[in-house]
>>> print(open('work-v2.cif').read())   # mmCIF, C-alpha atoms
data_coords
loop_
_atom_site.label_atom_id
_atom_site.label_comp_id
_atom_site.auth_asym_id
_atom_site.auth_seq_id
_atom_site.Cartn_x
_atom_site.Cartn_y
_atom_site.Cartn_z
CA MET X 1 11.82 -1.68 -21.13
CA ARG X 2 10.51 -3.99 -18.39
CA LEU X 3 12.17 -3.84 -15.01
CA THR X 4 12.13 -7.39 -13.67
CA SER X 5 13.42 -6.18 -10.32
CA LEU X 6 10.28 -4.06 -9.99
CA ASP X 7 8.07 -7.13 -10.52
CA VAL X 8 10.07 -8.92 -7.85
CA PHE X 9 9.77 -5.92 -5.50
CA ARG X 10 6.02 -5.99 -6.13
CA GLY X 11 5.94 -9.72 -5.42
CA ILE X 12 7.78 -9.23 -2.13
CA THR X 13 5.29 -6.54 -1.21
CA ILE X 14 2.13 -8.53 -2.02
CA ALA X 15 3.55 -11.56 -0.19
CA GLY X 16 4.24 -9.29 2.78
CA MET X 17 0.75 -7.83 2.65
CA ILE X 18 -0.90 -11.26 2.60
CA LEU X 19 1.38 -12.39 5.45
CA VAL X 20 0.64 -9.47 7.78
CA ASN X 21 -3.08 -9.37 6.93
CA MET X 22 -3.48 -13.04 7.77
CA ALA X 23 -1.27 -13.00 10.87
CA GLY X 24 -3.02 -9.88 12.14
CA VAL X 25 -6.36 -11.66 12.51
CA ALA X 26 -5.03 -13.74 15.42
CA ASP X 27 -4.95 -12.32 18.95
CA ASP X 28 -1.28 -13.22 19.41
CA VAL X 29 1.10 -12.07 16.71
CA TYR X 30 4.81 -11.31 16.66
CA PRO X 31 5.31 -7.50 16.94
CA PRO X 32 7.02 -7.09 13.53
CA LEU X 33 3.87 -8.55 11.92
CA ALA X 34 1.59 -5.98 13.57
CA HIS X 35 1.15 -2.30 12.83
CA ALA X 36 2.51 0.24 15.27
CA ASP X 37 -0.37 1.14 17.56
CA TRP X 38 0.13 4.84 16.80
CA HIS X 39 3.48 6.63 16.44
CA GLY X 40 6.37 4.53 15.18
CA CYS X 41 7.02 2.14 12.30
CA THR X 42 7.21 -1.65 12.18
CA PRO X 43 8.07 -3.78 9.11
CA THR X 44 4.32 -4.19 8.60
CA ASP X 45 3.95 -0.42 8.27
CA LEU X 46 6.25 -0.49 5.24
CA VAL X 47 4.02 -2.67 3.08
CA PHE X 48 1.35 -0.13 2.04
CA PRO X 49 3.73 2.74 1.15
CA PHE X 50 5.82 0.23 -0.82
CA PHE X 51 2.75 -0.40 -3.00
CA LEU X 52 2.35 3.31 -3.71
CA PHE X 53 6.07 3.64 -4.40
CA ILE X 54 5.84 0.74 -6.87
CA VAL X 55 2.85 2.38 -8.57
CA GLY X 56 5.00 5.45 -9.09
CA VAL X 57 7.98 3.51 -10.48
CA ALA X 58 5.71 1.70 -12.95
CA MET X 59 4.17 5.03 -13.92
CA SER X 60 7.60 6.35 -14.93
CA PHE X 61 7.75 3.68 -17.63
CA SER X 62 4.13 3.79 -18.80
CA LEU X 63 4.09 7.59 -19.12
CA SER X 64 7.66 8.08 -20.32
CA LYS X 65 6.69 8.86 -23.92
CA TYR X 66 4.64 11.87 -22.90
CA THR X 67 6.51 15.15 -22.57
CA GLN X 68 5.76 18.87 -22.66
CA GLU X 69 6.18 18.63 -26.44
CA ASN X 70 4.33 15.32 -26.84
CA LYS X 71 1.25 15.83 -24.71
CA PRO X 72 -1.13 12.92 -24.05
CA SER X 73 -4.47 12.70 -25.84
CA SER X 74 -7.82 12.70 -24.07
CA ALA X 75 -7.86 8.89 -24.44
CA VAL X 76 -4.84 8.66 -22.12
CA TYR X 77 -6.63 10.68 -19.43
CA TRP X 78 -9.72 8.53 -19.78
CA ARG X 79 -7.59 5.41 -19.38
CA ILE X 80 -6.04 6.81 -16.19
CA LEU X 81 -9.48 7.80 -14.86
CA ARG X 82 -10.85 4.35 -15.71
CA ARG X 83 -8.06 2.59 -13.81
CA ALA X 84 -8.51 4.85 -10.81
CA ALA X 85 -12.28 4.29 -10.86
CA ILE X 86 -11.92 0.50 -11.05
CA LEU X 87 -9.52 0.48 -8.09
CA PHE X 88 -11.86 2.69 -6.06
CA VAL X 89 -14.91 0.52 -6.81
CA LEU X 90 -12.96 -2.64 -5.96
CA GLY X 91 -12.12 -1.04 -2.61
CA LEU X 92 -15.79 -0.30 -1.97
CA LEU X 93 -16.71 -3.88 -2.84
CA LEU X 94 -14.13 -5.18 -0.36
CA ASN X 95 -15.44 -2.84 2.35
CA GLY X 96 -19.05 -3.87 1.78
CA PHE X 97 -18.48 -7.59 1.33
CA TRP X 98 -20.25 -9.70 3.97
CA ASN X 99 -20.85 -6.97 6.54
CA LYS X 100 -24.46 -8.06 7.07
CA GLY X 101 -24.80 -10.88 4.58
CA ILE X 102 -22.78 -12.42 1.79
CA TRP X 103 -24.90 -10.79 -0.91
CA THR X 104 -26.02 -7.75 1.10
CA PHE X 105 -24.23 -4.43 0.87
CA ASP X 106 -25.21 -2.02 3.63
CA LEU X 107 -24.79 1.25 1.72
CA SER X 108 -25.94 3.27 4.73
CA ASN X 109 -22.81 2.30 6.70
CA ILE X 110 -20.25 1.26 4.10
CA ARG X 111 -16.80 2.68 4.66
CA ILE X 112 -15.89 5.01 1.79
CA MET X 113 -12.10 4.99 2.02
CA GLY X 114 -9.63 2.11 2.23
CA VAL X 115 -6.39 0.70 0.85
CA LEU X 116 -7.44 0.42 -2.80
CA GLN X 117 -9.21 3.77 -2.63
CA ARG X 118 -6.00 5.43 -1.46
CA ILE X 119 -4.00 3.73 -4.22
CA SER X 120 -6.65 4.90 -6.69
CA LEU X 121 -6.54 8.56 -5.67
CA SER X 122 -2.76 8.64 -5.29
CA TYR X 123 -2.30 7.13 -8.76
CA LEU X 124 -4.82 9.53 -10.28
CA PHE X 125 -3.37 12.75 -8.87
CA ALA X 126 0.25 11.66 -9.26
CA SER X 127 -0.43 10.85 -12.93
CA LEU X 128 -2.07 14.23 -13.51
CA ALA X 129 0.92 15.97 -11.92
CA VAL X 130 3.39 14.03 -14.06
CA LEU X 131 1.50 14.73 -17.29
CA ASN X 132 0.92 18.42 -16.66
CA LEU X 133 3.91 19.73 -14.73
CA PRO X 134 7.55 20.03 -15.76
CA ARG X 135 10.05 18.08 -13.67
CA LYS X 136 10.89 21.04 -11.45
CA GLY X 137 7.17 21.64 -10.90
CA GLN X 138 6.66 18.02 -9.87
CA TRP X 139 9.39 18.29 -7.22
CA ILE X 140 8.00 21.60 -5.97
CA LEU X 141 4.51 20.07 -5.75
CA ALA X 142 5.84 17.10 -3.75
CA LEU X 143 7.60 19.41 -1.29
CA LEU X 144 4.56 21.68 -0.97
CA LEU X 145 2.28 18.72 -0.25
CA LEU X 146 4.59 17.34 2.45
CA ILE X 147 5.30 20.70 4.11
CA GLY X 148 1.73 21.94 3.73
CA TYR X 149 0.37 18.76 5.32
CA TRP X 150 2.83 19.08 8.20
CA LEU X 151 1.89 22.71 8.86
CA ALA X 152 -1.84 21.99 8.66
CA MET X 153 -1.66 19.01 11.01
CA MET X 154 0.51 20.79 13.57
CA TYR X 155 -0.70 24.38 13.50
CA VAL X 156 -4.32 24.59 12.33
CA PRO X 157 -6.62 24.38 15.39
CA VAL X 158 -9.38 21.79 15.45
CA PRO X 159 -12.63 22.88 17.20
CA GLY X 160 -12.77 21.25 20.62
CA TYR X 161 -9.21 19.96 20.46
CA GLY X 162 -6.82 22.75 19.48
CA ALA X 163 -3.78 22.69 17.21
CA GLY X 164 -1.20 19.93 16.92
CA VAL X 165 -3.32 17.24 18.57
CA LEU X 166 -2.29 14.00 16.86
CA THR X 167 -4.88 11.62 18.30
CA ARG X 168 -7.25 9.46 16.29
CA GLU X 169 -10.14 11.90 16.58
CA GLY X 170 -8.41 15.18 17.42
CA ASN X 171 -6.05 15.54 14.46
CA PHE X 172 -6.83 18.05 11.73
CA GLY X 173 -7.09 15.33 9.05
CA ALA X 174 -9.84 13.52 10.96
CA TYR X 175 -11.66 16.83 11.39
CA VAL X 176 -11.55 17.50 7.63
CA ASP X 177 -12.71 13.96 6.90
CA ARG X 178 -15.68 14.39 9.24
CA LEU X 179 -16.62 17.57 7.39
CA ILE X 180 -16.61 15.78 4.03
CA ILE X 181 -17.57 12.19 4.80
CA PRO X 182 -20.57 11.32 7.01
CA LYS X 183 -19.44 9.63 10.24
CA ALA X 184 -21.27 6.42 9.36
CA HIS X 185 -18.94 6.01 6.38
CA LEU X 186 -15.67 6.47 8.29
CA TYR X 187 -13.60 3.67 9.79
CA ALA X 188 -15.15 2.13 12.89
CA GLY X 189 -12.32 -0.18 14.02
CA ASP X 190 -8.98 0.26 15.79
CA GLY X 191 -10.33 2.90 18.17
CA PHE X 192 -11.40 5.33 15.43
CA LYS X 193 -15.12 4.84 16.21
CA ASN X 194 -16.23 6.61 13.01
CA LEU X 195 -14.36 9.76 14.09
CA GLY X 196 -11.49 9.39 11.62
CA ASP X 197 -9.97 7.04 9.08
CA PRO X 198 -6.45 5.61 8.71
CA GLU X 199 -6.91 5.92 4.93
CA GLY X 200 -8.88 9.14 5.06
CA LEU X 201 -9.24 11.77 2.36
CA PHE X 202 -7.03 14.44 3.90
CA SER X 203 -4.19 12.04 4.74
CA THR X 204 -4.22 10.87 1.13
CA ILE X 205 -2.54 14.20 0.24
CA PRO X 206 0.93 13.11 1.46
CA ALA X 207 0.28 9.60 0.08
CA ILE X 208 0.37 11.16 -3.39
CA VAL X 209 4.01 11.99 -2.65
CA SER X 210 4.72 8.32 -1.90
CA ALA X 211 3.69 7.60 -5.50
CA LEU X 212 5.62 10.59 -6.83
CA ALA X 213 8.74 9.38 -4.99
CA GLY X 214 8.44 6.13 -6.91
CA TYR X 215 7.99 8.04 -10.16
CA PHE X 216 11.12 10.14 -9.55
CA THR X 217 13.03 6.93 -8.78
CA GLY X 218 11.84 5.09 -11.88
CA ASP X 219 12.52 8.06 -14.12
CA TRP X 220 16.07 8.28 -12.73
CA ILE X 221 16.65 4.54 -13.24
CA ARG X 222 15.55 4.75 -16.88
CA LYS X 223 18.36 7.21 -17.60
CA GLN X 224 21.10 5.28 -15.81
CA PRO X 225 23.35 2.48 -17.06
CA VAL X 226 22.61 -1.01 -15.75
CA GLN X 227 25.60 -1.00 -13.43
CA THR X 228 26.40 -1.31 -9.75
CA ARG X 229 26.78 2.45 -9.49
CA THR X 230 23.05 2.77 -10.19
CA SER X 231 22.29 0.38 -7.31
CA VAL X 232 24.68 2.35 -5.09
CA GLY X 233 22.94 5.59 -6.08
CA LEU X 234 19.56 4.14 -5.11
CA GLY X 235 21.01 2.97 -1.82
CA LEU X 236 22.51 6.36 -1.01
CA PHE X 237 19.25 8.12 -1.82
CA GLY X 238 17.51 5.60 0.43
CA ILE X 239 19.85 6.23 3.35
CA GLY X 240 19.40 9.97 2.89
CA CYS X 241 15.60 9.60 3.02
CA LEU X 242 15.85 7.43 6.14
CA ILE X 243 17.90 10.09 7.92
CA ILE X 244 15.65 12.97 6.83
CA GLY X 245 12.48 11.05 7.71
CA TRP X 246 13.85 10.01 11.09
CA ALA X 247 14.93 13.58 11.89
CA TRP X 248 11.60 15.04 10.74
CA GLY X 249 9.90 12.50 12.99
CA TRP X 250 11.18 14.36 16.05
CA VAL X 251 8.84 17.27 15.27
CA PHE X 252 6.19 15.46 13.20
CA PRO X 253 6.11 11.84 14.39
CA ILE X 254 6.37 8.93 11.97
CA ASN X 255 2.82 7.59 11.88
CA LYS X 256 1.22 5.33 9.25
CA LYS X 257 -2.36 5.96 10.31
CA LEU X 258 -1.87 9.70 9.85
CA TRP X 259 0.49 9.13 6.87
CA THR X 260 2.69 11.91 8.23
CA SER X 261 5.23 13.65 6.03
CA SER X 262 8.09 12.09 8.01
CA TYR X 263 6.52 8.67 7.39
CA VAL X 264 6.44 9.33 3.63
CA VAL X 265 10.15 10.19 3.51
CA PHE X 266 11.17 7.43 5.94
CA THR X 267 9.29 4.64 4.13
CA SER X 268 10.49 5.90 0.74
CA GLY X 269 14.01 5.40 2.09
CA TRP X 270 13.31 1.75 2.88
CA ALA X 271 11.66 1.30 -0.53
CA LEU X 272 14.76 2.68 -2.24
CA LEU X 273 17.02 0.31 -0.30
CA LEU X 274 14.93 -2.75 -1.14
CA LEU X 275 14.67 -1.74 -4.80
CA ALA X 276 18.45 -1.16 -4.86
CA ALA X 277 19.05 -4.70 -3.58
CA CYS X 278 16.65 -6.21 -6.13
CA TYR X 279 18.14 -4.12 -8.94
CA GLU X 280 21.71 -5.11 -8.11
CA LEU X 281 20.97 -8.83 -7.86
CA ILE X 282 18.58 -9.12 -10.81
CA GLU X 283 19.46 -6.43 -13.34
CA VAL X 284 23.21 -6.05 -12.69
CA LYS X 285 24.35 -9.46 -11.43
CA LEU X 286 21.68 -11.35 -13.44
CA ARG X 287 20.92 -13.61 -10.48
CA LYS X 288 17.27 -14.25 -11.20
CA ARG X 289 16.68 -17.83 -10.14
CA TRP X 290 15.84 -17.03 -6.51
CA SER X 291 13.41 -14.29 -7.51
CA LYS X 292 11.17 -16.14 -9.98
CA PRO X 293 8.51 -17.16 -7.38
CA LEU X 294 8.28 -13.53 -6.23
CA GLU X 295 8.20 -12.21 -9.79
CA ILE X 296 5.25 -14.52 -10.51
CA MET X 297 3.34 -13.08 -7.54
CA GLY X 298 4.18 -9.56 -8.60
CA LEU X 299 2.64 -10.02 -12.04
CA ASN X 300 -0.85 -10.47 -10.52
CA ALA X 301 -0.49 -8.35 -7.39
CA ILE X 302 -3.87 -6.55 -7.40
CA ALA X 303 -5.79 -9.74 -8.19
CA LEU X 304 -4.02 -11.60 -5.37
CA PHE X 305 -4.65 -8.75 -2.93
CA VAL X 306 -8.38 -8.57 -3.68
CA ALA X 307 -8.81 -12.34 -3.59
CA SER X 308 -6.81 -12.70 -0.35
CA VAL X 309 -8.89 -10.04 1.45
CA LEU X 310 -12.12 -11.75 0.33
CA PHE X 311 -10.64 -15.07 1.52
CA ILE X 312 -9.88 -13.67 4.97
CA LYS X 313 -13.40 -12.23 5.26
CA ILE X 314 -14.92 -15.59 4.34
CA LEU X 315 -12.77 -17.40 6.91
CA VAL X 316 -13.73 -14.92 9.62
CA ARG X 317 -17.46 -14.75 8.77
CA THR X 318 -18.17 -18.48 8.29
CA LYS X 319 -18.40 -20.92 11.18
CA ILE X 320 -17.57 -24.55 11.86
CA GLY X 321 -20.61 -26.03 13.57
CA THR X 322 -23.78 -24.35 14.79
CA GLY X 323 -24.80 -22.19 17.72
CA GLU X 324 -23.48 -18.99 19.25
CA THR X 325 -20.26 -20.61 20.50
CA ALA X 326 -19.33 -22.16 17.14
CA PRO X 327 -15.82 -20.96 16.16
CA SER X 328 -15.18 -19.09 12.95
CA THR X 329 -13.53 -21.08 10.18
CA TYR X 330 -10.39 -18.99 10.72
CA ASN X 331 -10.24 -19.75 14.46
CA TRP X 332 -10.99 -23.44 13.92
CA ILE X 333 -8.16 -23.85 11.40
CA TYR X 334 -5.80 -21.67 13.43
CA GLN X 335 -6.44 -23.48 16.72
CA ASN X 336 -6.62 -27.06 15.41
CA LEU X 337 -4.05 -27.10 12.64
CA PHE X 338 -1.47 -24.62 13.89
CA ALA X 339 -1.74 -23.25 17.44
CA SER X 340 -2.51 -26.69 18.96
CA TRP X 341 1.07 -27.87 18.34
CA ALA X 342 3.07 -24.73 17.50
CA GLY X 343 1.69 -22.35 20.12
CA THR X 344 -0.23 -19.12 19.55
CA PHE X 345 2.52 -16.84 18.20
CA ASN X 346 4.13 -19.51 16.04
CA GLY X 347 0.70 -20.76 15.05
CA SER X 348 -0.42 -17.39 13.71
CA LEU X 349 2.87 -17.04 11.82
CA LEU X 350 2.66 -20.52 10.29
CA PHE X 351 -0.99 -20.04 9.33
CA ALA X 352 -0.04 -16.78 7.60
CA LEU X 353 2.91 -18.42 5.82
CA ALA X 354 0.67 -21.28 4.66
CA THR X 355 -1.73 -18.70 3.26
CA VAL X 356 1.08 -16.98 1.36
CA LEU X 357 2.03 -20.35 -0.14
CA LEU X 358 -1.60 -20.93 -1.12
CA TRP X 359 -1.75 -17.64 -3.00
CA TRP X 360 1.65 -18.28 -4.54
CA ALA X 361 0.22 -21.53 -5.94
CA VAL X 362 -2.71 -19.55 -7.37
CA ALA X 363 -0.25 -17.06 -8.87
CA VAL X 364 1.71 -19.92 -10.48
CA LEU X 365 -1.49 -21.29 -11.99
CA LEU X 366 -2.37 -17.87 -13.43
CA TYR X 367 1.18 -17.47 -14.73
CA ARG X 368 1.18 -20.85 -16.49
CA GLN X 369 -2.12 -19.97 -18.14
CA ARG X 370 -0.65 -16.56 -19.10
CA TRP X 371 -3.50 -14.82 -17.30
CA PHE X 372 -2.40 -11.45 -16.02
CA LEU X 373 -5.30 -9.67 -14.37
CA LYS X 374 -4.78 -5.93 -14.43
CA VAL X 375 -6.99 -2.86 -14.17
#
>>> encode(input="work-v2.cif", output="structure tokens")
Amino acid sequence: MRLTSLDVFRGITIAGMILVNMAGVADDVYPPLAHADWHGCTPTDLVFPFFLFIVGVAMSFSLSKYTQENKPSSAVYWRILRRAAILFVLGLLLNGFWNKGIWTFDLSNIRIMGVLQRISLSYLFASLAVLNLPRKGQWILALLLLIGYWLAMMYVPVPGYGAGVLTREGNFGAYVDRLIIPKAHLYAGDGFKNLGDPEGLFSTIPAIVSALAGYFTGDWIRKQPVQTRTSVGLGLFGIGCLIIGWAWGWVFPINKKLWTSSYVVFTSGWALLLLAACYELIEVKLRKRWSKPLEIMGLNAIALFVASVLFIKILVRTKIGTGETAPSTYNWIYQNLFASWAGTFNGSLLFALATVLLWWAVAVLLYRQRWFLKV
């Protein structure tokens, strides 16, 4: 069984990721297209957890034939490990690309963690949990990870900072990351200054639950009739998660860069609502015409993400003209083709939208050639 609505959901997510990544390079960007500076959640902060949720939903279909009675062979585990390893290495390649030179990778300072690395580890550990634990055990594990992470972040003291300090460098997750990963290999931007990482190792623990939430959802969908009541059920679960996540946020703030437990539940709620809408329109009502462009993007999501990040790096690293004052290719295009007539905020938005259309055209080309690049 292939869930077309999931491909469309994935297409919406990759289009959103390209949009916010491109818009975020400009100095002036509309607030919904920027991440929350720290606590809080903007539409942009939904994109990454949506990816993990989608990974989990897809996992519920790919691993559905394996049960406690029909255990997977060693080849299945090797396939999972291979996929996780490829994703992790792709993340390292993106981190190291053009930091000092186009063909030079500075291994002494390369950032270890990142978006693809978090997807890799979340997929790996969520898959292992699904294949080795009964359903009740999977739910218990998810709860233990969320509650355990909350208790550790709020009540375990960090040397020099104390307990419950949720700053970039003073939180317990950053402290654990510094113990495991050399500072030179942690994130240097966004005020972290190699003292923490928004996709760090410790904060990947609750991210595993984002993938498991998708798995629980997909497994539930597989057993339901293709009817409106299934869409309503997804919507009600989503509203419940939004309320629980929001309430939890009062004692453990919703925060993407710390991937707090409240953030996991809150963003899973939004993922459920969006999936419910896609499911109702596409699977139940059979209204698929509007969604075909997004479905096409969703079929090559990882390839489009990797290529779009490399594209942004090339635009930012190359220059138009010579000399120290020569603008980057990104700034030249942004200023001359967009901001000069649309203004800075509208210019950054239009440049980002044009980039999404560019990658949609690439996705269409891949689709027509029947090239589906997967790991």
>>> resolve_selection(input="work-v2.cif", expression="the PyMOL selection byres ((chain X and resi 122) around 10)", output="list in words")
Leu52, Val55, Gly56, Ala84, Leu116, Gln117, Arg118, Ile119, Ser120, Leu121, Tyr123, Leu124, Phe125, Ala126, Ser127, Leu128, Thr204, Ile205, Pro206, Ala207, Ile208, Val209, Ser210, Ala211 and Leu212 of chain X
>>> resolve_selection(input="work-v2.cif", expression="the PyMOL selection byres ((chain X and resi 3) around 9)", output="JSON, numbers by chain")
{"X": [1, 2, 4, 5, 6, 7, 58, 279, 283]}
>>> residues_around(input="work-v2.cif", residues="X:Leu90", least_positions_apart="2", cutoff="12 Å", atoms="only C-alpha atoms", output="VMD selection string")
chain X and resid 83 to 88 92 to 97 112 to 120 302 to 303 305 to 307 309 to 310 375
>>> closest_residue(input="work-v2.cif", among="X:Phe202, X:Trp220, X:Phe252, X:Phe372", to="X:Leu166", atoms="only C-alpha atoms")
X:Phe252
>>> closest_residue(input="work-v2.cif", among="X:Leu273, X:Val264, X:Ala326, X:Val251", to="X:Asp45", atoms="only C-alpha atoms")
X:Val264
>>> residues_around(input="work-v2.cif", residues="X:Gly347", least_positions_apart="6", cutoff="7 Å", atoms="all atoms listed in the file", output="tab-separated table (two decimals) with C-alpha atoms, in the frame of the given file")
chain	number	residue	atom	x	y	z
X	334	TYR	CA	-5.80	-21.67	13.43
X	338	PHE	CA	-1.47	-24.62	13.89
X	339	ALA	CA	-1.74	-23.25	17.44
>>> resolve_selection(input="work-v2.cif", expression="the PyMOL selection byres ((chain X and resi 43) around 12)", output="compact mmCIF listing (two decimals) with C-alpha atoms, keeping the file's coordinate frame")
# COMPACT_ATOMS: atom_id res chain seq x y z
CA THR X 13 5.29 -6.54 -1.21
CA GLY X 16 4.24 -9.29 2.78
CA MET X 17 0.75 -7.83 2.65
CA LEU X 19 1.38 -12.39 5.45
CA VAL X 20 0.64 -9.47 7.78
CA TYR X 30 4.81 -11.31 16.66
CA PRO X 31 5.31 -7.50 16.94
CA PRO X 32 7.02 -7.09 13.53
CA LEU X 33 3.87 -8.55 11.92
CA ALA X 34 1.59 -5.98 13.57
CA HIS X 35 1.15 -2.30 12.83
CA ALA X 36 2.51 0.24 15.27
CA GLY X 40 6.37 4.53 15.18
CA CYS X 41 7.02 2.14 12.30
CA THR X 42 7.21 -1.65 12.18
CA THR X 44 4.32 -4.19 8.60
CA ASP X 45 3.95 -0.42 8.27
CA LEU X 46 6.25 -0.49 5.24
CA VAL X 47 4.02 -2.67 3.08
CA PHE X 48 1.35 -0.13 2.04
CA PRO X 49 3.73 2.74 1.15
CA PHE X 50 5.82 0.23 -0.82
CA LYS X 256 1.22 5.33 9.25
CA THR X 267 9.29 4.64 4.13
CA TRP X 270 13.31 1.75 2.88
CA ALA X 271 11.66 1.30 -0.53
>>> closest_residue(input="work-v2.cif", among="X:Trp98, X:Leu286, X:Tyr66, X:Arg370", to="X:Thr228", atoms="only C-alpha atoms")
X:Leu286
>>> axis_aligned_box(input="work-v2.cif", around="stretch 183-193 of chain X", padding_each_side="8 Å", output="JSON")
{"center_x": -15.1, "center_y": 4.7, "center_z": 12.3, "size_x": 28.3, "size_y": 25.8, "size_z": 27.8}
>>> closest_residue(input="work-v2.cif", among="X:Leu143, X:Arg111, X:Gly214, X:Ala352", to="X:Asn194", atoms="all atoms listed in the file")
X:Arg111
>>> atom_distance(input="work-v2.cif", atom1="atom CA of X:Phe345", atom2="atom CA of X:Val29")
5.2 Å
>>> closest_residue(input="work-v2.cif", among="X:Thr355, X:Ser308, X:Ser231, X:Asn255", to="X:Leu272", atoms="only C-alpha atoms")
X:Ser231
>>> atom_distance(input="work-v2.cif", atom1="atom CA of X:Ser73", atom2="atom CA of X:Met59")
16.6 Å
>>> atom_distance(input="work-v2.cif", atom1="atom CA of X:Tyr175", atom2="atom CA of X:Ser203")
11.1 Å
